[in-house]
Amino acid sequence: MSLLNLESLQVSIGSVQAVRDVSLSLQAGECRALVGESGCGKSVTAMSLLGLMPGAAKTTAQQWQFAGRDMTQLTERDWRQLRGNQIAMIFQNPMTALDPTQTIGAQIAEPLRIHKGMSRRDAKMRAIALLERLAIANPAQRAEQYPFEFSGGMLQRAMIAMAVVCEPELLIADEPTTALDVTVQAEVLCLLQEMRESSGTAMLFITHDLGVVAEIADSVSVMYAGQTVESGSLNQVFSTEAHPYTQALKRAVPSLENPRPLEAIAGTPPDLRKPPTGCGFAARCSQRMAVCEQAPPPMPVGEHHLARCWLWHEDHPQRWREKEGFTKTSVIGSSRS
Amino acid sequence: MTSPFIKVSQLRCHFKSGENYLAAVDGVNLQIGAGEVLGLVGESGSGKSTLGRIIAGLQARSAGTVCIDGKDMPQHYSRRQFREMSTKVQMVFQDSYASLNPRMTILASLQEPLWSLGVRGKAALDKAMYWLDRVGLPRSAGERYPHELSGGQRQRIGIARAFIAEPQLVICDEPVSALDVSVQAQIINLLQELQREHNTAMLFIAHDLAVVRFLASRTAVMYLGEIVEIGPTTAVFESPRHPYTVKLLAAHLDGNPRERVLGSLADVKAVANKAPLASDSGCRFAPRCQLAIAACCESPPRLLPSLVDTEAACHRLALIEEGSSQIELLSEKE
Ligand SMILES: Nc1ncnc2c1ncn2[C@@H]1O[C@H](COP(=O)(O)OP(=O)(O)OP(=O)(O)O)[C@@H](O)[C@H]1O
Ligand SMILES: Nc1ncnc2c1ncn2[C@@H]1O[C@H](COP(=O)(O)OP(=O)(O)O)[C@@H](O)[C@H]1O
Ligand code: SF4
Ligand code: SF4
Ligand SMILES: [Mg+2]
Ligand SMILES: [Mg+2]
């Protein structure tokens with residue numbers, strides 16, 4: 001059984017339909033990358049998974065189970081028990097997520113005292129041991145310091161320590177390396193990888209850097225304008241980019257091996273206050289067809305590989321019939337309606 | 001290269017830090033020819049931005065000379081000198097929001113560099129309109145204020161503003177790292193077009209090695225205040241000589257799931273980064289270098305020519321050049 005099964009999450013904040021249809025599943029120990037350009041709803045999805053959206057936000061989901069629990073039924077008290085304990089998060093910006101008035105050590109130790117009922121002393125010892133494992137020199141001294149005394153890379157490691165200290169079953173990392181340079185980024189990714197191997201934590205890794213995705217993910221979900229538009233294993237999504245947006249995204253990334261002109265994606269994403277009724281990518285899609293004025297459901301591309309695009313519909317003349325390993329011919333997504 | 005447009009010699013910029021001095025830039029020599037694009041890469045805190053800001057006249061140096069277009073520049077500029085210099089050298093920042101006046105409309109911000117050239121009125125307005133078109137923004141964007149634009153749109157304005165007075169050098173400090181992949185591609189392509197169109201020299205500072213490789217004809221690598229390797233981009237990327245350059249290139253993630261590199265970065269978390277101090281002796285990379293020998297800690301290595309037309313500052317350059325590929329050399333040691 002999956003650790004997380006989320007189907008058709010929708011979140012609106014005032015007039016903004018930030019998340020319109022997001023489906024995600026995660027097995028225990030799996031690392032899934034969530035990719036997409038800024039504003040497409042990645043962070044809102046992450047905050048919802050942690051029950052952290054403000055009261056004004058309206059959240060619905062067709063299905064939402066985590067570790068066998070129905071998450072649509074949780075009370076605020078249940079959430080408080082879960083958060084930082086079974087589900088934890090590394091935030092996009094460590095400077096705003098850490099409390100500037102408390103020492104790093106105290107902040108790492110706090111979840112242990114709250115969730116595991118540890119004494120102040122034991123929790124602190126554990127925090128120091130964790131800092132040491134995260135390759136912070138002089139961890140005991142460092143634990144007594146405040147956030148402003150840490151460099152960017154060290155702060156990010158402190159955030160990781162805070163998130164993993166209770167050995168959560170699911171770790172959500174929201175662009176944890178976007179602000180770092182390549183050597184520090186490699187360092188942080190190695191640490192996350194190690195943590196995942198040693199404690200079997202599943203990870204939802206949010207990023208717009210495809211280089212990072214190729215390096216650490218087992219599976220990938222691509223988001224566009226509030227919807228998951230493609231999902232599959234890492235190799236499926238990287239070898240058969242099925243959705244035109246995924247294809248465009250890959251062509252826009254410069255490569256070190258073969259420097260070539262970059263193909264920018266023309267146009268801008270739609271305004272989520274008035275999202276288009278048809279395919280969300282239609283305005284920028286070079287393969288647009290008449291049918292694209294209707295919203296495409298997710299369609300099978302291969303086993304566990306879905307794309308929300310009419311090109312993969314069974315009635316579409318060329319594309320997919322020749323695809324190797326393709327057996328299922330029904331449109332899965334449309335069975336919902 | 002005849003006479004370089006910019007020539008920087010023995011440039012130092014030290015900041016007081018407790019008892020000691022932090023050597024943000026420590027003895028840098030650099031030339032940029034007219035119309036040439038020089039890439040500048042290196043770890044966070046290695047002094048790239050400081051170097052760029054000194055050349056742009058936004059930061060005073062502690063020692064050394066800066067010669068722009070054949071003229072020696074003073075350590076501190078008078079207003080007139082700064083204005084004169086800013087018609088020749090312009091800068092594009094990572095955060096274009098911070099470099100635009102929030103209370104000025106986009107059109108006014110665009111015209112500002114022209115005013116200091118004495119271009120005013122309709123001539124300035126026409127030029128600003130032309131540049132709105134040129135960077136791909138609708139003319140209506142001119143009436144708006146910086147906060148009303150997206151990050152990518154603001155960066156287009158930052159670029160238009162840098163190019164509008166037709167400077168001979170544009171310094172770009174991580175112009176795309178705050179932007180999305182798809183927007184990054186638009187901005188990089190725009191920068192390259194403009195650079196070619198106007199034959200502008202460029203100092204391009206970036207963390208993204210692939211972008212530097214794509215744009216720059218020569219590349220310099222900085223490590224803790226010093227240039228440790230410099231040369232034609234292809235040679236630096238294909239035959240890196242300095243052990244830090246090798247490490248930097250190895251940490252680049254190229255988006256190929258079949259070639260994962262993290263596992264092979266064995267010592268990636270070995271040493272926490274320290275700040276460069278003026279009192280340091282020897283090679284600053286030694287604590288992280290797998291090839292370090294006792295001599296490395298005694299005297300600082302100087303930039304010396306390599307066999308591939310680059311220069312590298314490493315005491316063991318000869319040894320490195322003997323081995324066919326340095327990466328092999330490093331892995332043999334393990
Ligand atoms: N005004 C200042 N006062 C004191 N120290 C400074 C000042 N400006 C820069 N530094 C220090 O100088 C060093 C170089 O900084 P700089 O901003 O040039 O690095 P960088 O290479 O641009 O890094 P990044 O890649 O993170 O932008 C750093 O250690 C920084 O803390
Ligand atoms: N608190 C909020 N109030 C109103 N709109 C919001 C709020 N948070 C996010 N949004 C909007 O929701 C959309 C998705 O945002 P976000 O999830 O932060 O994107 P990203 O994919 O960059 O993480 C954007 O249009 C954003 O402006
Ligand atoms: S559904 Fe149509 S418009 Fe949308 S991505 Fe597919 S081809 Fe393009
Ligand atoms: S001088 Fe010595 S320590 Fe420095 S890079 Fe060369 S081999 Fe390594
Ligand atoms: Mg976000
Ligand atoms: Mg900088």
# chains A, B, ... in the order shown; residues from 1 in each chain; ligands from 1
>>> closest_atom_pairs(of="chain A", to="chain B", cutoff="7 Å", atoms="only C-alpha atoms", output="tab-separated table")
residue	atom	partner	partner_atom	distance
A:Glu37	CA	B:Asp180	CA	5.8
A:Ser38	CA	B:Asp180	CA	6.4
A:Ala135	CA	B:Lys269	CA	6.6
A:Asp181	CA	B:His207	CA	5.9
A:Val182	CA	B:Ala251	CA	5.9
A:Thr183	CA	B:Ala251	CA	5.7
A:Ala186	CA	B:Ala251	CA	6.1
A:Glu187	CA	B:Lys269	CA	5.4
A:Cys190	CA	B:Leu262	CA	6.6
A:His208	CA	B:Val181	CA	6.8
A:Leu210	CA	B:Gly255	CA	5.5
A:Gly211	CA	B:Gly255	CA	3.6
A:Val212	CA	B:Leu253	CA	6.3
A:Ala214	CA	B:Pro257	CA	4.4
A:Glu215	CA	B:Arg260	CA	5.4
A:Leu249	CA	B:Ser182	CA	6.4
A:Ala252	CA	B:Ser182	CA	5.6
A:Val253	CA	B:Val181	CA	6.5
A:Pro254	CA	B:Ala210	CA	5.6
A:Ser255	CA	B:Ala210	CA	5.3
A:Leu256	CA	B:Ala210	CA	4.4
A:Pro259	CA	B:Phe214	CA	5.2
A:Arg260	CA	B:Phe214	CA	6.9
A:Leu262	CA	B:Ala185	CA	5.6
A:Glu263	CA	B:Ala185	CA	6.6
A:Ala264	CA	B:Ala185	CA	5.0
A:Ile265	CA	B:Ser182	CA	5.7
>>> residues_around(residues="Leu307 in chain B", least_positions_apart="4", cutoff="12 Å", atoms="only C-alpha atoms", output="PyMOL selection string")
chain B and resi 231+235-236+239-241+311-312+317-322+324
>>> residues_near_ligand(ligand="ligand 4", cutoff="12 Å", atoms="only C-alpha atoms and all ligand atoms", output="MDAnalysis selection string")
chainID B and resid 223:224 226:229 240:247 281:304 312:321 326 329:330
>>> write_last_selection(atoms="N, CA and C atoms", output="short mmCIF file (atom, residue, chain, number, x, y, z; two decimals), in the first residue's frame")
data_model
loop_
_atom_site.label_atom_id
_atom_site.label_comp_id
_atom_site.auth_asym_id
_atom_site.auth_seq_id
_atom_site.Cartn_x
_atom_site.Cartn_y
_atom_site.Cartn_z
N TYR B 223 38.52 31.16 -6.36
CA TYR B 223 38.39 30.41 -5.11
C TYR B 223 38.94 31.29 -3.99
N LEU B 224 38.12 31.57 -2.99
CA LEU B 224 38.51 32.40 -1.86
C LEU B 224 39.39 33.59 -2.23
N GLU B 226 40.85 34.57 -4.99
CA GLU B 226 41.87 34.53 -6.04
C GLU B 226 41.35 33.85 -7.30
N ILE B 227 41.93 34.24 -8.43
CA ILE B 227 41.63 33.49 -9.65
C ILE B 227 42.57 32.29 -9.66
N VAL B 228 42.01 31.09 -9.70
CA VAL B 228 42.85 29.90 -9.66
C VAL B 228 43.04 29.29 -11.04
N GLU B 229 42.15 29.64 -11.97
CA GLU B 229 42.32 29.15 -13.32
C GLU B 229 41.60 30.09 -14.28
N PRO B 240 40.23 20.80 -17.42
CA PRO B 240 40.48 21.59 -16.22
C PRO B 240 41.81 21.18 -15.60
N ARG B 241 42.58 22.14 -15.14
CA ARG B 241 43.89 21.84 -14.55
C ARG B 241 43.89 21.99 -13.04
N HIS B 242 43.24 23.04 -12.55
CA HIS B 242 43.29 23.26 -11.10
C HIS B 242 42.36 22.27 -10.39
N PRO B 243 42.82 21.67 -9.29
CA PRO B 243 41.97 20.70 -8.59
C PRO B 243 40.60 21.27 -8.19
N TYR B 244 40.51 22.59 -7.89
CA TYR B 244 39.19 23.14 -7.56
C TYR B 244 38.27 23.15 -8.78
N THR B 245 38.82 23.50 -9.94
CA THR B 245 38.00 23.51 -11.15
C THR B 245 37.45 22.10 -11.41
N VAL B 246 38.30 21.10 -11.21
CA VAL B 246 37.87 19.72 -11.41
C VAL B 246 36.70 19.40 -10.49
N LYS B 247 36.82 19.82 -9.23
CA LYS B 247 35.78 19.55 -8.25
C LYS B 247 34.49 20.27 -8.62
N SER B 281 48.62 31.85 4.52
CA SER B 281 49.83 31.58 3.74
C SER B 281 49.55 30.32 2.93
N GLY B 282 50.23 30.17 1.83
CA GLY B 282 50.06 28.95 1.04
C GLY B 282 48.79 28.95 0.21
N CYS B 283 48.48 27.78 -0.35
CA CYS B 283 47.34 27.63 -1.25
C CYS B 283 46.06 27.53 -0.42
N ARG B 284 45.06 28.38 -0.74
CA ARG B 284 43.83 28.40 0.06
C ARG B 284 42.98 27.15 -0.17
N PHE B 285 43.26 26.43 -1.23
CA PHE B 285 42.47 25.23 -1.52
C PHE B 285 43.04 24.00 -0.80
N ALA B 286 44.25 24.13 -0.24
CA ALA B 286 44.94 22.97 0.33
C ALA B 286 44.09 22.12 1.29
N PRO B 287 43.30 22.72 2.21
CA PRO B 287 42.54 21.86 3.13
C PRO B 287 41.56 20.92 2.43
N ARG B 288 41.17 21.23 1.21
CA ARG B 288 40.20 20.38 0.51
C ARG B 288 40.85 19.64 -0.65
N CYS B 289 42.17 19.80 -0.83
CA CYS B 289 42.79 19.29 -2.04
C CYS B 289 43.38 17.91 -1.82
N GLN B 290 43.03 16.99 -2.72
CA GLN B 290 43.54 15.63 -2.58
C GLN B 290 44.99 15.52 -3.04
N LEU B 291 45.49 16.53 -3.73
CA LEU B 291 46.87 16.47 -4.22
C LEU B 291 47.82 17.28 -3.35
N ALA B 292 47.29 17.85 -2.25
CA ALA B 292 48.13 18.76 -1.45
C ALA B 292 49.36 18.07 -0.89
N ILE B 293 50.49 18.78 -0.94
CA ILE B 293 51.72 18.32 -0.30
C ILE B 293 52.17 19.42 0.65
N ALA B 294 53.19 19.15 1.43
CA ALA B 294 53.62 20.12 2.44
C ALA B 294 53.89 21.49 1.82
N ALA B 295 54.52 21.50 0.66
CA ALA B 295 54.90 22.77 0.02
C ALA B 295 53.68 23.65 -0.26
N CYS B 296 52.51 23.03 -0.45
CA CYS B 296 51.32 23.80 -0.79
C CYS B 296 50.94 24.77 0.32
N CYS B 297 51.28 24.42 1.56
CA CYS B 297 50.90 25.27 2.67
C CYS B 297 51.94 26.34 2.96
N GLU B 298 53.07 26.28 2.26
CA GLU B 298 54.14 27.22 2.55
C GLU B 298 54.06 28.50 1.74
N SER B 299 53.89 28.37 0.43
CA SER B 299 53.82 29.59 -0.37
C SER B 299 52.60 29.53 -1.29
N PRO B 300 52.02 30.69 -1.56
CA PRO B 300 50.84 30.69 -2.44
C PRO B 300 51.24 30.41 -3.89
N PRO B 301 50.53 29.53 -4.59
CA PRO B 301 50.86 29.26 -5.99
C PRO B 301 50.47 30.44 -6.88
N ARG B 302 51.24 30.68 -7.92
CA ARG B 302 50.91 31.77 -8.87
C ARG B 302 50.34 31.16 -10.15
N LEU B 303 49.63 32.01 -10.89
CA LEU B 303 49.08 31.55 -12.17
C LEU B 303 50.21 31.29 -13.14
N LEU B 304 50.26 30.07 -13.69
CA LEU B 304 51.29 29.72 -14.67
C LEU B 304 50.61 29.12 -15.90
N ALA B 312 46.85 28.23 -14.66
CA ALA B 312 46.33 27.67 -13.42
C ALA B 312 47.31 27.97 -12.30
N ALA B 313 46.76 28.23 -11.10
CA ALA B 313 47.61 28.54 -9.95
C ALA B 313 47.68 27.32 -9.05
N CYS B 314 48.65 26.44 -9.33
CA CYS B 314 48.77 25.23 -8.53
C CYS B 314 50.21 24.78 -8.55
N HIS B 315 50.75 24.47 -7.36
CA HIS B 315 52.15 24.02 -7.28
C HIS B 315 52.38 22.72 -8.03
N ARG B 316 51.34 21.95 -8.23
CA ARG B 316 51.52 20.63 -8.82
C ARG B 316 51.04 20.58 -10.28
N LEU B 317 51.03 21.75 -10.89
CA LEU B 317 50.55 21.83 -12.27
C LEU B 317 51.30 20.87 -13.19
N ALA B 318 52.64 20.82 -13.03
CA ALA B 318 53.44 19.97 -13.91
C ALA B 318 53.00 18.51 -13.77
N LEU B 319 52.82 18.08 -12.53
CA LEU B 319 52.40 16.70 -12.28
C LEU B 319 51.02 16.43 -12.90
N ILE B 320 50.13 17.41 -12.70
CA ILE B 320 48.78 17.27 -13.22
C ILE B 320 48.82 17.16 -14.75
N GLU B 321 49.70 17.94 -15.37
CA GLU B 321 49.75 17.92 -16.83
C GLU B 321 50.36 16.62 -17.36
N GLN B 326 43.19 14.75 -15.40
CA GLN B 326 43.35 14.95 -13.98
C GLN B 326 42.33 14.19 -13.17
N LEU B 329 43.65 11.01 -12.32
CA LEU B 329 44.68 11.18 -11.31
C LEU B 329 44.08 11.23 -9.91
N LEU B 330 43.00 12.02 -9.81
CA LEU B 330 42.37 12.18 -8.51
C LEU B 330 41.78 10.87 -8.03
#
>>> closest_residue(among="B:Pro167, B:Pro4, B:Pro175, B:Pro276", to="ligand 6", atoms="only C-alpha atoms and all ligand atoms")
B:Pro175
>>> residues_near_ligand(ligand="ligand 2", cutoff="10 Å", atoms="only C-alpha atoms and all ligand atoms", output="VMD selection string")
(chain A and resid 11 to 19 34 to 48 53 to 54 56 to 57 92 174 to 175 206 to 208 223 to 226 269 to 273) or (chain B and resid 180)
